[in-house]
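S.K.: There's a structure below that I have some questions on.
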Amino acid sequence: MNVQSFILLAIVLGAFVVTLRYVIRKNRKHPGCGGCSCCDAAGRCKLNNDKK
Amino acid sequence: MTLRDLKRGEVGRVIRVGGEGALRQHLIDMGVLPDTVVKIVKYAPMGDPIEILIHGYELTLRMADAASIEIERIDRQTHRNAERTARRNAADSEWEVAETPHPGLGEPHISAEEIRQENPLPKGTVMTFALAGNQNCGKTTLFNNLTGSAQHVGNFPGVTVDRKSGQIIGHPDTLVVDLPGIYSLSPYTSEEIVSRNFIIREHPHCIINILDATNIERNLYLSMQLIELGVPMVLALNMMDELEGNGGAVRINEMEALLGVPVVAISAARNQGIQELIDHALHIAYFREEPKRQDFCSPDDHGGAVHRCLHAIMHLIEDHAERAGLPIRFAASKLVEGDSLVLEALQLEPNEYETVQHIIRQMEDERGLDATAALADMRFTFIQRLCQRTVVKPQLSREHLRSLAIDKILTGRFTAWPAFILIMGLIFWLTFESLGVWLQDMLAAGIDDFTGWVDVLLTDWAINPAVHSLVIDGVFSGVGSVLSFVPLILLLFFFLSMLEDSGYMARIAFVTDHLLRRIGLSGRSIVPMLIGFGCSVPSVMASRTMPSERDRRLTIMLTPFMSCSAKVAIYAFIAEPFFGHNAWVVMVGLYLLGILTGVVVAVVAKTFVLKGEAAPFVMELPNYRMPGFRNVFHLLRDKTKDFVERAFTVIFLATIVIWFLQHFSFRLQMVDPSSNDSILAVVSGLIAPVFSPLGFGDWRLVTALVSGFMAKESVVATIETLSAGTPVTSLMTTGGAVCYLVFCLLYTPCVAAIAAIRRELGNRYALFVLLLQCGVAWLVAFVVSFFVPML
């Protein structure tokens with residue numbers, strides 16, 4: 001495998017890890033989020049922002 | 001005779017409001033009181049429910065509920081003469097307040113006396129404002145203006161189902177809470193309890209009570225109850241532009257003097273008067289200026305029966321109310337209304353309780369009305385006098401006349417159903433056939449070109465074939481295929497928001513109530529169900545406006561059967577190659593099948609599980625309005641952002657995982673993706689036989705279904721990744737494709753929707769819905785498999 005292939009693989013896997021972390025964190029805070037546009041710019045649930 | 005005996009166009013005077021509990025209270029809160037005049041405007045196409053005109057606004061209610069309202073028929077001319085006489089006789093001494101100087105409530109203190117009495121909040125206190133008002137009076141529009149946020153608003157009663165909060169622009173030490181729309185502070189619906197609990201328990205520094213100026217009488221009924229809470233309050237008269245544009249006017253100074261709270265004229269939609277409202281609200285919150293008047297009962301009114309009753313109870317329960325932290329006047333009036341929550345909170349001694357009951361009984365005897373009606377009558381009498389003094393009503397607003405004209409077709413006896421079918425058909429045709437497909441093709445071509453360009457680039461760079469395949473066959477084909485469906489989903493949301501914003505959604509509820517009642521639901525359930533065509537998550541949330549728990553459960557059980565917009569991607573992806581130009585017919589068929597299955601499930605649930613009758617259908621029909629383009633724009637922007645975000649998060653993750661499982665064996669050796677040795681092929685091969693009877697036992701299709709649990713669009717991405725260029729038509733027969741589509745339509749909603757159901761109704765119910773839908777989907781697809789030609 002050449003260098004550019006390694007770099008590309010690293011980018012894809014890095015993006016995978018970062019995205020996975022983002023999705024897990026978001027869902028831990030607001031289970032069920034992501035199903036609709038119920039999150040505001042700060043990532044809070046617009047429909048239900050006072051429910052813990 | 002009862003209200004149901006009146007014919008269209010006839011007028012009657014209410015003699016007695018029968019029934020009991022929530023329905024009766026709701027009718028009374030909406031102004032259906034003894035001596036009130038009602039007119040039958042129209043019947044729904046199927047003869048039920050009816051639309052009545054009362055206090056100058058339109059209300060819909062079912063025939064069965066109308067039967068509990070005793071009336072006497074009156075001649076229209078007699079009624080007009082009586083109204084004129086009443087208006088002439090209305091002004092008594094208290095109401096002679098002509099040319100009232102501006103009371104200056106909520107404005108900077110000038111006199112030495114006022115300055116001496118100042119009681120400001122400690123520095124640094126975050127001032128909280130509760131935004132309260134009737135449904136569909138523009139609270140959320142005002143909230144968006146105040147806070148600069150972009151909450152969804154709609155021209156339909158009950159869009160806000162939970163409270164939302166935000167800061168007033170330029171005032172970081174403030175917090176505005178948008179409460180759900182309510183008609184009174186009775187304890188019968190969850191929204192009313194949410195609102196009054198917030199005001200009583202969380203002690204906001206100020207209530208901003210927003211009123212629809214074009215329907216001021218009914219809106220003031222809530223204001224009077226809010227004033228009784230003794231919390232600093234500003235009255236915002238919204239839609240003043242509409243009122244004035246139709247020749248109406250409000251004498252603000254007089255109204256302010258008579259109510260004892262600042263009154264500000266605004267137009268939330270045009271952003272007029274907002275700064276003045278903010279200034280007044282900040283002032284009275286900071287200086288804790290309570291309403292100057294809470295006592296609206298008159299000692300002269302019908303011998304002062306209600307007045308004496310309320311004051312006697314207030315004295316009796318003073319210590320209990322203080323201990324319970326309840327405003328005394330509010331607690332006393334709620335006791336008279338028989339509010340069990342307040343009674344419990346007060347913890348009265350048996351003797352005190354008995355005394356209260358005797359006082360109420362005495363009042364009822366003297367007044368000749370039951371306690372609830374007597375209290376409502378006292379409030380409406382005050383409001384009537386207030387409005388006669390301070391409000392110049394327009395004859396008939398342009399908006400109302402326009403609504404009447406449109407309603408002749410859209411809710412007409414013979415035209416309502418054809419119009420409904422035509423409108424929905426047009427929406428589906430534009431979305432799935434003409435405009436939507438054209439936009440989708442353009443976007444797909446762009447994405448394909450970009451993918452081809454990257455493909456060439458990776459080949460030029462001599463990238464390792466495995467990494468090349470991961471990027472092109474995994475990420476690009478998966479994420480790209482999902483992204484190309486953005487136009488279809490946006491168009492569907494655009495049309496749904498048009499239906500809601502224009503006011504047609506409320507008419508759909510009116511027209512469909514009779515049918516929905518047969519399956520145990522009320523017309524109000526149509527709203528979550530229609531929202532379900534967009535997304536199941538907000539539709540589950542929207543079910544909170546249901547007046548009964550039984551209706552709510554049934555609606556939540558039903559909404560996932562309504563085909564959500566994410567499934568559009570699956571339908572288009574599979575139907576177009578198989579059915580070509582007839583694809584849109586298949587898609588409409590799927591939507592109808594979803595509705596039909598939901599109906600069958602509801603009937604079964606109504607018969608065996610959730611027995612009982614649907615909740616009463618008492619709803620206001622708003623005027624038709626032009627949808628606010630800013631509102632629609634915000635909604636579409638949010639939807640695009642959300643869809644794209646999901647494509648680059650959940651779908652991105654899923655495509656990489658699936659690519660890996662497809663390209664590697666259990667020994668972590670790279671294998672041919674189409675071979676049966678890959679991890680995915682082995683695992684899916686175990687589940688695939690379950691689906692063989694349905695005509696789609698291919699492991700790739702089964703894997704796509706499993707990944708669809710994360711997000712429905714993932715089904716498309718997975719098939720695209722797994723088929724690696726093989727056309728979808730070679731994966732199954734036409735019959736299998738139909739069954740596959742049916743299964744996708746009905747099987748478990750995505751994890752987000754299940755989580756929303758879990759949050760609303762708990763773990764067991766969420767699991768039940770999940771299993772129910774999978775079972776129903778398999779069964780229906782199995783039945784369908786007999787009706788399609790299996791090749």
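Chain identifiers are assigned as A, B, and so on, following the order in which chains appear in the structure tokens; residues are numbered from 1 within each chain, and ligands are numbered from 1 in order of appearance.
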Can you pull out the residues contacting Val18 of chain A? Cut-off 12 Å, using only C-alpha atoms, and skip same-chain residues under 5 positions away; I want them as a compact mmCIF listing (two decimals) with N, CA and C atoms, in the first residue's frame.
M.R.:
```txt
# COMPACT_ATOMS: atom_id res chain seq x y z
N ALA A 10 -6.47 6.70 6.62
CA ALA A 10 -6.44 7.37 7.93
C ALA A 10 -7.53 8.43 8.01
N ILE A 11 -7.73 9.17 6.90
CA ILE A 11 -8.77 10.22 6.89
C ILE A 11 -10.15 9.58 7.08
N VAL A 12 -10.41 8.52 6.32
CA VAL A 12 -11.74 7.88 6.40
C VAL A 12 -11.96 7.31 7.79
N LEU A 13 -10.96 6.60 8.33
CA LEU A 13 -11.14 6.02 9.67
C LEU A 13 -11.24 7.10 10.75
N VAL A 23 -22.13 11.09 17.31
CA VAL A 23 -23.46 10.47 17.35
C VAL A 23 -23.75 9.91 18.75
N ILE A 24 -22.75 9.26 19.34
CA ILE A 24 -22.96 8.67 20.68
C ILE A 24 -23.23 9.78 21.70
N ARG A 25 -22.42 10.83 21.65
CA ARG A 25 -22.59 11.93 22.63
C ARG A 25 -23.96 12.57 22.48
N PHE B 648 -24.44 12.42 6.66
CA PHE B 648 -23.00 12.44 6.94
C PHE B 648 -22.66 11.88 8.32
N THR B 649 -23.65 11.48 9.09
CA THR B 649 -23.34 10.87 10.40
C THR B 649 -23.80 9.41 10.41
N VAL B 650 -25.07 9.20 10.67
CA VAL B 650 -25.57 7.82 10.83
C VAL B 650 -25.36 7.01 9.55
N PHE B 652 -23.32 7.61 7.04
CA PHE B 652 -21.88 7.48 6.80
C PHE B 652 -21.31 6.31 7.61
N LEU B 653 -21.65 6.28 8.89
CA LEU B 653 -21.17 5.19 9.76
C LEU B 653 -21.68 3.85 9.25
```
S.K.: Mind listing as a list in words which residues of chain B are within 6 Å of chain A, counting only C-alpha atoms?
M.R.: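 Result: Ile463, Asn464, Asp638, Lys639, Asp642, Thr649, Ala752, Ala755 and Ala756 of chain B.
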S.K.: Filtering to C-alpha atoms, could you give me those residues as a PDB file, in the first residue's frame?
M.R.:
```
ATOM      1  CA  ILE B 463      -4.797   4.204  -4.430  1.00  0.00           C
ATOM      2  CA  ASN B 464      -4.931   0.702  -3.026  1.00  0.00           C
ATOM      3  CA  ASP B 638     -33.882  22.889   9.350  1.00  0.00           C
ATOM      4  CA  LYS B 639     -35.036  19.851   7.403  1.00  0.00           C
ATOM      5  CA  ASP B 642     -31.060  17.629   9.526  1.00  0.00           C
ATOM      6  CA  THR B 649     -23.339  10.867  10.404  1.00  0.00           C
ATOM      7  CA  ALA B 752     -35.291   7.835  16.859  1.00  0.00           C
ATOM      8  CA  ALA B 755     -36.938   6.487  21.455  1.00  0.00           C
ATOM      9  CA  ALA B 756     -39.597   9.202  21.160  1.00  0.00           C
TER      10      ALA B 756
END
```
S.K.: Between atom CA of Glu399 of chain B and atom CA of Ala132 of chain B, measure the distance and give it in Å to one decimal.
M.R.: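 One can read the atom CA of Glu399 of chain B to atom CA of Ala132 of chain B distance as 24.4 Å.
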S.K.: Please list as a list in words every residue within 9 Å of segment 658-663 of chain B, counting only C-alpha atoms and excluding residues in the same chain fewer than 3 positions away.
M.R.: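 Residues meeting the cut-off are Ala466, Ser469, Leu470, Asp473, Gly474, Val475, Leu653, Ala654, Thr655, Phe666, Leu668, Gln669, Met670, Val671, Asp672, Pro673, Ser674, Ser675, Asp677, Ser678, Ile679, Leu680, Ala681, Thr703, Ser707, Thr718, Thr721 and Leu722 of chain B.
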S.K.: As an mmCIF file with N, CA, C and O atoms, in the first residue's frame, please: the residues near Gly368 of chain B (cut-off 12 Å, only C-alpha atoms, same-chain neighbours under 5 positions excluded).
M.R.:
```cif
data_model
loop_
_atom_site.group_PDB
_atom_site.id
_atom_site.type_symbol
_atom_site.label_atom_id
_atom_site.label_comp_id
_atom_site.auth_asym_id
_atom_site.auth_seq_id
_atom_site.Cartn_x
_atom_site.Cartn_y
_atom_site.Cartn_z
ATOM 1 N N ILE B 15 -79.665 27.639 27.144
ATOM 2 C CA ILE B 15 -80.390 27.637 28.421
ATOM 3 C C ILE B 15 -79.570 26.926 29.487
ATOM 4 O O ILE B 15 -79.409 27.406 30.601
ATOM 5 N N ARG B 16 -79.014 25.798 29.125
ATOM 6 C CA ARG B 16 -78.252 25.016 30.106
ATOM 7 C C ARG B 16 -77.164 24.243 29.379
ATOM 8 O O ARG B 16 -77.379 23.749 28.272
ATOM 9 N N PRO B 34 -75.055 29.757 29.649
ATOM 10 C CA PRO B 34 -76.465 30.135 29.603
ATOM 11 C C PRO B 34 -76.605 31.594 29.151
ATOM 12 O O PRO B 34 -75.811 32.454 29.546
ATOM 13 N N HIS B 302 -76.224 40.320 39.738
ATOM 14 C CA HIS B 302 -77.167 39.282 40.198
ATOM 15 C C HIS B 302 -77.197 39.175 41.726
ATOM 16 O O HIS B 302 -77.079 38.084 42.286
ATOM 17 N N GLY B 303 -77.301 40.292 42.372
ATOM 18 C CA GLY B 303 -77.385 40.320 43.837
ATOM 19 C C GLY B 303 -76.054 40.057 44.509
ATOM 20 O O GLY B 303 -75.980 39.849 45.722
ATOM 21 N N ALA B 305 -74.125 37.443 44.302
ATOM 22 C CA ALA B 305 -73.974 36.080 44.823
ATOM 23 C C ALA B 305 -72.548 35.557 44.630
ATOM 24 O O ALA B 305 -71.924 35.056 45.577
ATOM 25 N N VAL B 306 -72.021 35.715 43.404
ATOM 26 C CA VAL B 306 -70.677 35.192 43.125
ATOM 27 C C VAL B 306 -69.639 35.989 43.905
ATOM 28 O O VAL B 306 -68.697 35.425 44.479
ATOM 29 N N ILE B 360 -70.708 27.592 48.503
ATOM 30 C CA ILE B 360 -70.902 27.404 47.059
ATOM 31 C C ILE B 360 -72.373 27.074 46.768
ATOM 32 O O ILE B 360 -72.983 27.615 45.850
ATOM 33 N N ARG B 361 -72.922 26.190 47.585
ATOM 34 C CA ARG B 361 -74.320 25.784 47.399
ATOM 35 C C ARG B 361 -75.271 26.980 47.479
ATOM 36 O O ARG B 361 -76.180 27.140 46.674
ATOM 37 N N GLN B 362 -74.982 27.833 48.482
ATOM 38 C CA GLN B 362 -75.798 29.026 48.670
ATOM 39 C C GLN B 362 -75.719 29.936 47.432
ATOM 40 O O GLN B 362 -76.711 30.472 46.949
ATOM 41 N N MET B 363 -74.493 30.080 46.939
ATOM 42 C CA MET B 363 -74.293 30.919 45.752
ATOM 43 C C MET B 363 -75.070 30.340 44.559
ATOM 44 O O MET B 363 -75.714 31.071 43.807
ATOM 45 N N ALA B 373 -70.563 27.359 35.922
ATOM 46 C CA ALA B 373 -71.203 28.272 34.977
ATOM 47 C C ALA B 373 -71.312 29.675 35.577
ATOM 48 O O ALA B 373 -71.123 30.672 34.873
ATOM 49 N N ALA B 374 -71.596 29.751 36.878
ATOM 50 C CA ALA B 374 -71.749 31.065 37.514
ATOM 51 C C ALA B 374 -70.447 31.851 37.464
ATOM 52 O O ALA B 374 -70.439 33.057 37.172
ATOM 53 N N LEU B 375 -69.344 31.139 37.714
ATOM 54 C CA LEU B 375 -68.044 31.805 37.708
ATOM 55 C C LEU B 375 -67.669 32.257 36.286
ATOM 56 O O LEU B 375 -67.192 33.375 36.084
ATOM 57 N N ASP B 377 -69.739 32.842 33.933
ATOM 58 C CA ASP B 377 -70.662 33.912 33.570
ATOM 59 C C ASP B 377 -70.188 35.246 34.135
ATOM 60 O O ASP B 377 -70.249 36.278 33.455
#
```
S.K.: Can you tell me, as a list in words, what residues are no more than 10 Å from segment 269-276 of chain B when counting only C-alpha atoms, ignoring any on the same chain fewer than 6 positions away?
M.R.: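 Surrounding residues, per the criterion: Glu107, Gly138, Thr141, Leu142, Asn144, Asn145, Leu146, Ala236, Leu237, Asn238, Met239, Met240, Asp241, Leu282 and Gly628 of chain B.
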S.K.: Just asking: which residues within segment 155-273 of chain B are helix (DSSP H, G or I) according to DSSP, as a ChimeraX atom specification?
M.R.: /B:190-201,213-228,240-245,252-259
S.K.: How many Å separate atom CA of Phe573 of chain B from atom CA of Leu746 of chain B?
M.R.: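 It comes out at 17.0 Å.
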S.K.: Compare B:Val454, B:Phe691, B:Tyr504, B:Val609 by their minimum atom-to-atom distance to Pro627 of chain B, counting only C-alpha atoms, and give me the closest one.
M.R.: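 Of B:Val454, B:Phe691, B:Tyr504, B:Val609, the one nearest Pro627 of chain B is B:Tyr504, counting only C-alpha atoms.
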S.K.: For Ala583 of chain B, which of B:Gln773, B:Thr748, B:Thr431, B:Thr597 is the closest residue, counting only C-alpha atoms?
M.R.: B:Thr431
